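Data block for data.cif (mmCIF, C-alpha atoms and all ligand atoms):
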```
data_my_file
loop_
_atom_site.group_PDB
_atom_site.id
_atom_site.type_symbol
_atom_site.label_atom_id
_atom_site.label_comp_id
_atom_site.auth_asym_id
_atom_site.auth_seq_id
_atom_site.Cartn_x
_atom_site.Cartn_y
_atom_site.Cartn_z
ATOM 1 C CA MET J 1 112.301 108.041 69.873
ATOM 2 C CA SER J 2 115.033 110.632 70.406
ATOM 3 C CA GLU J 3 118.716 109.744 70.656
ATOM 4 C CA ASN J 4 118.430 110.020 74.457
ATOM 5 C CA GLU J 5 115.679 107.402 74.669
ATOM 6 C CA SER J 6 116.208 103.662 74.775
ATOM 7 C CA ASP J 7 114.270 100.467 75.320
ATOM 8 C CA VAL J 8 115.540 100.385 78.893
ATOM 9 C CA VAL J 9 113.858 102.648 81.418
ATOM 10 C CA ILE J 10 115.144 103.188 84.953
ATOM 11 C CA THR J 11 112.689 104.630 87.428
ATOM 12 C CA ALA J 12 113.579 105.671 90.963
ATOM 13 C CA LEU J 13 110.732 104.459 93.106
ATOM 14 C CA GLU J 14 109.531 106.563 96.014
ATOM 15 C CA ASN J 15 111.856 105.692 98.920
ATOM 16 C CA GLY J 16 112.741 102.427 97.204
ATOM 17 C CA PRO J 17 114.833 100.779 94.520
ATOM 18 C CA TYR J 18 115.624 101.683 90.953
ATOM 19 C CA LEU J 19 113.146 99.790 88.807
ATOM 20 C CA VAL J 20 114.696 98.757 85.504
ATOM 21 C CA THR J 21 112.390 97.728 82.698
ATOM 22 C CA GLY J 22 113.639 96.387 79.405
ATOM 23 C CA ALA J 23 116.465 94.084 78.373
ATOM 24 C CA ALA J 24 119.210 95.290 80.711
ATOM 25 C CA ARG J 25 122.482 93.563 81.495
ATOM 26 C CA VAL J 26 123.784 94.066 85.041
ATOM 27 C CA ASN J 27 127.548 93.663 85.268
ATOM 28 C CA ASP J 28 129.764 93.225 88.302
ATOM 29 C CA PRO J 29 133.084 95.111 88.564
ATOM 30 C CA ASP J 30 134.917 92.223 86.866
ATOM 31 C CA GLY J 31 132.640 92.214 83.831
ATOM 32 C CA GLY J 32 130.609 89.211 84.913
ATOM 33 C CA ALA J 33 126.859 89.533 84.588
ATOM 34 C CA TRP J 34 124.099 88.627 86.988
ATOM 35 C CA ASP J 35 121.495 86.339 85.509
ATOM 36 C CA THR J 36 118.538 88.516 84.572
ATOM 37 C CA GLU J 37 117.462 86.288 81.687
ATOM 38 C CA GLY J 38 113.728 86.351 81.189
ATOM 39 C CA ARG J 39 113.149 89.118 83.731
ATOM 40 C CA ALA J 40 111.285 92.009 82.117
ATOM 41 C CA THR J 41 111.735 94.101 85.249
ATOM 42 C CA ILE J 42 114.430 94.164 87.906
ATOM 43 C CA ALA J 43 114.757 96.257 91.044
ATOM 44 C CA LEU J 44 118.226 97.517 91.963
ATOM 45 C CA CYS J 45 118.950 98.456 95.565
ATOM 46 C CA ARG J 46 119.765 102.091 96.173
ATOM 47 C CA CYS J 47 119.507 102.089 99.967
ATOM 48 C CA GLY J 48 122.583 99.914 100.502
ATOM 49 C CA GLY J 49 120.763 97.555 102.850
ATOM 50 C CA SER J 50 119.863 94.635 100.602
ATOM 51 C CA LYS J 51 121.348 91.243 101.436
ATOM 52 C CA ASN J 52 120.921 90.345 97.772
ATOM 53 C CA LYS J 53 122.814 93.206 96.100
ATOM 54 C CA PRO J 54 122.648 94.534 93.543
ATOM 55 C CA PHE J 55 118.979 93.597 93.736
ATOM 56 C CA CYS J 56 116.427 95.016 96.138
ATOM 57 C CA ASP J 57 115.165 92.575 98.753
ATOM 58 C CA GLY J 58 112.709 94.946 100.427
ATOM 59 C CA THR J 59 115.041 95.900 103.295
ATOM 60 C CA HIS J 60 114.647 99.590 102.410
ATOM 61 C CA SER J 61 111.245 99.552 104.101
ATOM 62 C CA ALA J 62 112.649 98.233 107.395
ATOM 63 C CA LEU J 63 115.463 100.795 107.237
ATOM 64 C CA GLY J 64 113.091 103.686 106.638
ATOM 65 C CA PHE J 65 115.060 104.618 103.534
ATOM 66 C CA ALA J 66 114.061 108.051 102.298
ATOM 67 C CA ALA J 67 115.156 109.663 99.067
ATOM 68 C CA ALA J 68 113.828 113.031 98.057
ATOM 69 C CA GLU J 69 115.748 113.427 94.793
ATOM 70 C CA ARG J 70 113.766 114.592 91.810
ATOM 71 C CA ALA J 71 114.775 115.164 88.230
ATOM 72 C CA VAL J 72 114.962 118.811 87.325
ATOM 73 C CA GLU J 73 113.909 119.824 83.838
ATOM 74 C CA GLU J 74 116.569 121.687 81.851
ATOM 75 C CA GLY J 75 115.844 125.393 81.614
ATOM 76 C CA THR J 76 113.718 125.532 84.755
HETATM 77 S S1 LIG P 101 116.338 99.670 97.810
HETATM 78 FE FE1 LIG P 101 115.276 97.928 98.454
HETATM 79 S S2 LIG P 101 116.662 96.888 99.730
HETATM 80 FE FE2 LIG P 101 117.740 98.643 99.102
#
```
If you took the structure in this file and wrote it as structure tokens, what would it be?
Amino acid sequence: MSENESDVVITALENGPYLVTGAARVNDPDGGAWDTEGRATIALCRCGGSKNKPFCDGTHSALGFAAAERAVEEGT
């Protein structure tokens, strides 16, 4: 494992949420934490439409959320 790797992996799903796998703590702006105890995977809203932020509630599908971003390899 390189210094840039960790046990937490965040994957941007196609036109959907960020899927977070691993033991991640999700803090609010005041330093409080949402209860993610025992959840191996969480989905964080990136469309802005969830009624259960910061978590995805599936609303992105109804909104037709589209995100075309892709990671670009260094040196390419
Ligand atoms: S990404 Fe799913 S509700 Fe926003």
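With a cut-off of 9 Å and using only C-alpha atoms and all ligand atoms, the polymer residues contacting ligand LIG 101 (chain P) are J:Leu13, J:Asn15, J:Gly16, J:Pro17, J:Tyr18, J:Ala43, J:Leu44, J:Cys45, J:Arg46, J:Cys47, J:Gly48, J:Gly49, J:Ser50, J:Lys51, J:Asn52, J:Lys53, J:Pro54, J:Phe55, J:Cys56, J:Asp57, J:Gly58, J:Thr59, J:His60, J:Ser61, J:Ala62, J:Leu63, J:Phe65.
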- Item | Result set of the PyMOL selection byres (((chain J and resi 69) around 10) and not hetatm) on the coordinates above, as a list in words | Ala12, Glu14, Asn15, Ala66, Ala67, Ala68, Arg70, Ala71 and Val72 of chain J
- Message: Evaluate the PyMOL selection byres (((chain J and resi 20) around 10) and not hetatm) against this structure - the residues, as a VMD selection string, please.
- Response: chain J and resid 8 to 12 17 to 19 21 to 24 39 to 44
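Atom pair CA of Val26 in chain J / CA of Ser6 in chain J: separated by 16.0 Å.
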Would it be fine to have range 21-37 of chain J, with all heavy atoms, given as a PDB file, in the first residue's frame?
```pdb
ATOM      1  N   THR J  21     -16.446   3.028   1.012  1.00  0.00           N
ATOM      2  CA  THR J  21     -16.282   1.734   1.655  1.00  0.00           C
ATOM      3  C   THR J  21     -15.121   1.831   2.630  1.00  0.00           C
ATOM      4  O   THR J  21     -14.134   2.495   2.361  1.00  0.00           O
ATOM      5  CB  THR J  21     -16.004   0.610   0.637  1.00  0.00           C
ATOM      6  OG1 THR J  21     -14.846   0.943  -0.123  1.00  0.00           O
ATOM      7  CG2 THR J  21     -17.173   0.434  -0.315  1.00  0.00           C
ATOM      8  N   GLY J  22     -15.298   1.190   3.773  1.00  0.00           N
ATOM      9  CA  GLY J  22     -14.275   1.251   4.809  1.00  0.00           C
ATOM     10  C   GLY J  22     -14.805   2.027   6.005  1.00  0.00           C
ATOM     11  O   GLY J  22     -15.908   2.580   5.975  1.00  0.00           O
ATOM     12  N   ALA J  23     -14.017   2.066   7.053  1.00  0.00           N
ATOM     13  CA  ALA J  23     -14.427   2.704   8.304  1.00  0.00           C
ATOM     14  C   ALA J  23     -14.262   4.210   8.198  1.00  0.00           C
ATOM     15  O   ALA J  23     -13.231   4.766   8.555  1.00  0.00           O
ATOM     16  CB  ALA J  23     -13.614   2.158   9.467  1.00  0.00           C
ATOM     17  N   ALA J  24     -15.280   4.884   7.676  1.00  0.00           N
ATOM     18  CA  ALA J  24     -15.214   6.335   7.495  1.00  0.00           C
ATOM     19  C   ALA J  24     -16.100   7.039   8.514  1.00  0.00           C
ATOM     20  O   ALA J  24     -17.181   6.559   8.849  1.00  0.00           O
ATOM     21  CB  ALA J  24     -15.662   6.704   6.089  1.00  0.00           C
ATOM     22  N   ARG J  25     -15.627   8.166   8.992  1.00  0.00           N
ATOM     23  CA  ARG J  25     -16.416   9.011   9.882  1.00  0.00           C
ATOM     24  C   ARG J  25     -16.910  10.183   9.046  1.00  0.00           C
ATOM     25  O   ARG J  25     -16.129  10.805   8.311  1.00  0.00           O
ATOM     26  CB  ARG J  25     -15.534   9.503  11.036  1.00  0.00           C
ATOM     27  CG  ARG J  25     -16.226  10.437  11.998  1.00  0.00           C
ATOM     28  CD  ARG J  25     -15.214  10.922  13.059  1.00  0.00           C
ATOM     29  NE  ARG J  25     -15.718  12.039  13.793  1.00  0.00           N
ATOM     30  CZ  ARG J  25     -16.189  11.976  15.033  1.00  0.00           C
ATOM     31  NH1 ARG J  25     -16.181  10.833  15.666  1.00  0.00           N
ATOM     32  NH2 ARG J  25     -16.639  13.054  15.630  1.00  0.00           N
ATOM     33  N   VAL J  26     -18.189  10.491   9.146  1.00  0.00           N
ATOM     34  CA  VAL J  26     -18.775  11.599   8.379  1.00  0.00           C
ATOM     35  C   VAL J  26     -19.167  12.673   9.375  1.00  0.00           C
ATOM     36  O   VAL J  26     -20.086  12.492  10.177  1.00  0.00           O
ATOM     37  CB  VAL J  26     -19.995  11.129   7.558  1.00  0.00           C
ATOM     38  CG1 VAL J  26     -20.542  12.291   6.733  1.00  0.00           C
ATOM     39  CG2 VAL J  26     -19.611   9.958   6.656  1.00  0.00           C
ATOM     40  N   ASN J  27     -18.462  13.797   9.313  1.00  0.00           N
ATOM     41  CA  ASN J  27     -18.688  14.894  10.254  1.00  0.00           C
ATOM     42  C   ASN J  27     -19.574  15.972   9.663  1.00  0.00           C
ATOM     43  O   ASN J  27     -19.540  16.236   8.461  1.00  0.00           O
ATOM     44  CB  ASN J  27     -17.355  15.548  10.631  1.00  0.00           C
ATOM     45  CG  ASN J  27     -16.495  14.665  11.489  1.00  0.00           C
ATOM     46  OD1 ASN J  27     -16.949  13.680  12.055  1.00  0.00           O
ATOM     47  ND2 ASN J  27     -15.234  15.015  11.588  1.00  0.00           N
ATOM     48  N   ASP J  28     -20.337  16.639  10.528  1.00  0.00           N
ATOM     49  CA  ASP J  28     -21.068  17.830  10.115  1.00  0.00           C
ATOM     50  C   ASP J  28     -20.169  19.045  10.335  1.00  0.00           C
ATOM     51  O   ASP J  28     -19.058  18.908  10.859  1.00  0.00           O
ATOM     52  CB  ASP J  28     -22.412  17.931  10.859  1.00  0.00           C
ATOM     53  CG  ASP J  28     -22.271  18.242  12.337  1.00  0.00           C
ATOM     54  OD1 ASP J  28     -21.199  18.724  12.773  1.00  0.00           O
ATOM     55  OD2 ASP J  28     -23.241  18.009  13.072  1.00  0.00           O
ATOM     56  N   PRO J  29     -20.593  20.244   9.935  1.00  0.00           N
ATOM     57  CA  PRO J  29     -19.724  21.413  10.048  1.00  0.00           C
ATOM     58  C   PRO J  29     -19.345  21.774  11.484  1.00  0.00           C
ATOM     59  O   PRO J  29     -18.362  22.481  11.716  1.00  0.00           O
ATOM     60  CB  PRO J  29     -20.564  22.543   9.423  1.00  0.00           C
ATOM     61  CG  PRO J  29     -21.495  21.855   8.509  1.00  0.00           C
ATOM     62  CD  PRO J  29     -21.817  20.548   9.168  1.00  0.00           C
ATOM     63  N   ASP J  30     -20.123  21.279  12.459  1.00  0.00           N
ATOM     64  CA  ASP J  30     -19.821  21.575  13.862  1.00  0.00           C
ATOM     65  C   ASP J  30     -18.960  20.512  14.522  1.00  0.00           C
ATOM     66  O   ASP J  30     -18.680  20.594  15.716  1.00  0.00           O
ATOM     67  CB  ASP J  30     -21.132  21.732  14.651  1.00  0.00           C
ATOM     68  CG  ASP J  30     -21.971  22.881  14.119  1.00  0.00           C
ATOM     69  OD1 ASP J  30     -21.391  23.898  13.697  1.00  0.00           O
ATOM     70  OD2 ASP J  30     -23.217  22.742  14.107  1.00  0.00           O
ATOM     71  N   GLY J  31     -18.562  19.502  13.755  1.00  0.00           N
ATOM     72  CA  GLY J  31     -17.710  18.454  14.312  1.00  0.00           C
ATOM     73  C   GLY J  31     -18.482  17.250  14.812  1.00  0.00           C
ATOM     74  O   GLY J  31     -17.886  16.273  15.244  1.00  0.00           O
ATOM     75  N   GLY J  32     -19.812  17.341  14.791  1.00  0.00           N
ATOM     76  CA  GLY J  32     -20.610  16.175  15.151  1.00  0.00           C
ATOM     77  C   GLY J  32     -20.497  15.139  14.047  1.00  0.00           C
ATOM     78  O   GLY J  32     -20.132  15.463  12.915  1.00  0.00           O
ATOM     79  N   ALA J  33     -20.793  13.901  14.378  1.00  0.00           N
ATOM     80  CA  ALA J  33     -20.665  12.833  13.391  1.00  0.00           C
ATOM     81  C   ALA J  33     -21.997  12.116  13.211  1.00  0.00           C
ATOM     82  O   ALA J  33     -22.709  11.863  14.183  1.00  0.00           O
ATOM     83  CB  ALA J  33     -19.589  11.838  13.809  1.00  0.00           C
ATOM     84  N   TRP J  34     -22.320  11.831  11.962  1.00  0.00           N
ATOM     85  CA  TRP J  34     -23.483  10.999  11.688  1.00  0.00           C
ATOM     86  C   TRP J  34     -23.164   9.585  12.121  1.00  0.00           C
ATOM     87  O   TRP J  34     -22.005   9.151  12.058  1.00  0.00           O
ATOM     88  CB  TRP J  34     -23.823  11.031  10.207  1.00  0.00           C
ATOM     89  CG  TRP J  34     -24.636  12.213   9.802  1.00  0.00           C
ATOM     90  CD1 TRP J  34     -26.003  12.330   9.845  1.00  0.00           C
ATOM     91  CD2 TRP J  34     -24.157  13.456   9.304  1.00  0.00           C
ATOM     92  NE1 TRP J  34     -26.379  13.571   9.409  1.00  0.00           N
ATOM     93  CE2 TRP J  34     -25.277  14.283   9.058  1.00  0.00           C
ATOM     94  CE3 TRP J  34     -22.884  13.978   9.029  1.00  0.00           C
ATOM     95  CZ2 TRP J  34     -25.168  15.577   8.564  1.00  0.00           C
ATOM     96  CZ3 TRP J  34     -22.772  15.261   8.538  1.00  0.00           C
ATOM     97  CH2 TRP J  34     -23.909  16.041   8.318  1.00  0.00           C
ATOM     98  N   ASP J  35     -24.178   8.870  12.522  1.00  0.00           N
ATOM     99  CA  ASP J  35     -23.996   7.490  12.963  1.00  0.00           C
ATOM    100  C   ASP J  35     -23.840   6.577  11.751  1.00  0.00           C
ATOM    101  O   ASP J  35     -24.796   6.340  11.011  1.00  0.00           O
ATOM    102  CB  ASP J  35     -25.187   7.045  13.808  1.00  0.00           C
ATOM    103  CG  ASP J  35     -25.014   5.624  14.327  1.00  0.00           C
ATOM    104  OD1 ASP J  35     -23.886   5.087  14.256  1.00  0.00           O
ATOM    105  OD2 ASP J  35     -26.009   5.054  14.809  1.00  0.00           O
ATOM    106  N   THR J  36     -22.630   6.115  11.537  1.00  0.00           N
ATOM    107  CA  THR J  36     -22.367   5.169  10.451  1.00  0.00           C
ATOM    108  C   THR J  36     -21.838   3.858  11.021  1.00  0.00           C
ATOM    109  O   THR J  36     -21.328   3.031  10.283  1.00  0.00           O
ATOM    110  CB  THR J  36     -21.350   5.754   9.437  1.00  0.00           C
ATOM    111  OG1 THR J  36     -20.148   6.093  10.137  1.00  0.00           O
ATOM    112  CG2 THR J  36     -21.910   6.977   8.739  1.00  0.00           C
ATOM    113  N   GLU J  37     -22.005   3.710  12.340  1.00  0.00           N
ATOM    114  CA  GLU J  37     -21.519   2.518  13.039  1.00  0.00           C
ATOM    115  C   GLU J  37     -22.069   1.245  12.399  1.00  0.00           C
ATOM    116  O   GLU J  37     -23.279   1.140  12.153  1.00  0.00           O
ATOM    117  CB  GLU J  37     -21.954   2.577  14.510  1.00  0.00           C
ATOM    118  CG  GLU J  37     -21.409   1.456  15.359  1.00  0.00           C
ATOM    119  CD  GLU J  37     -19.962   1.701  15.758  1.00  0.00           C
ATOM    120  OE1 GLU J  37     -19.555   2.876  15.840  1.00  0.00           O
ATOM    121  OE2 GLU J  37     -19.257   0.702  15.977  1.00  0.00           O
TER     122      GLU J  37
END
```
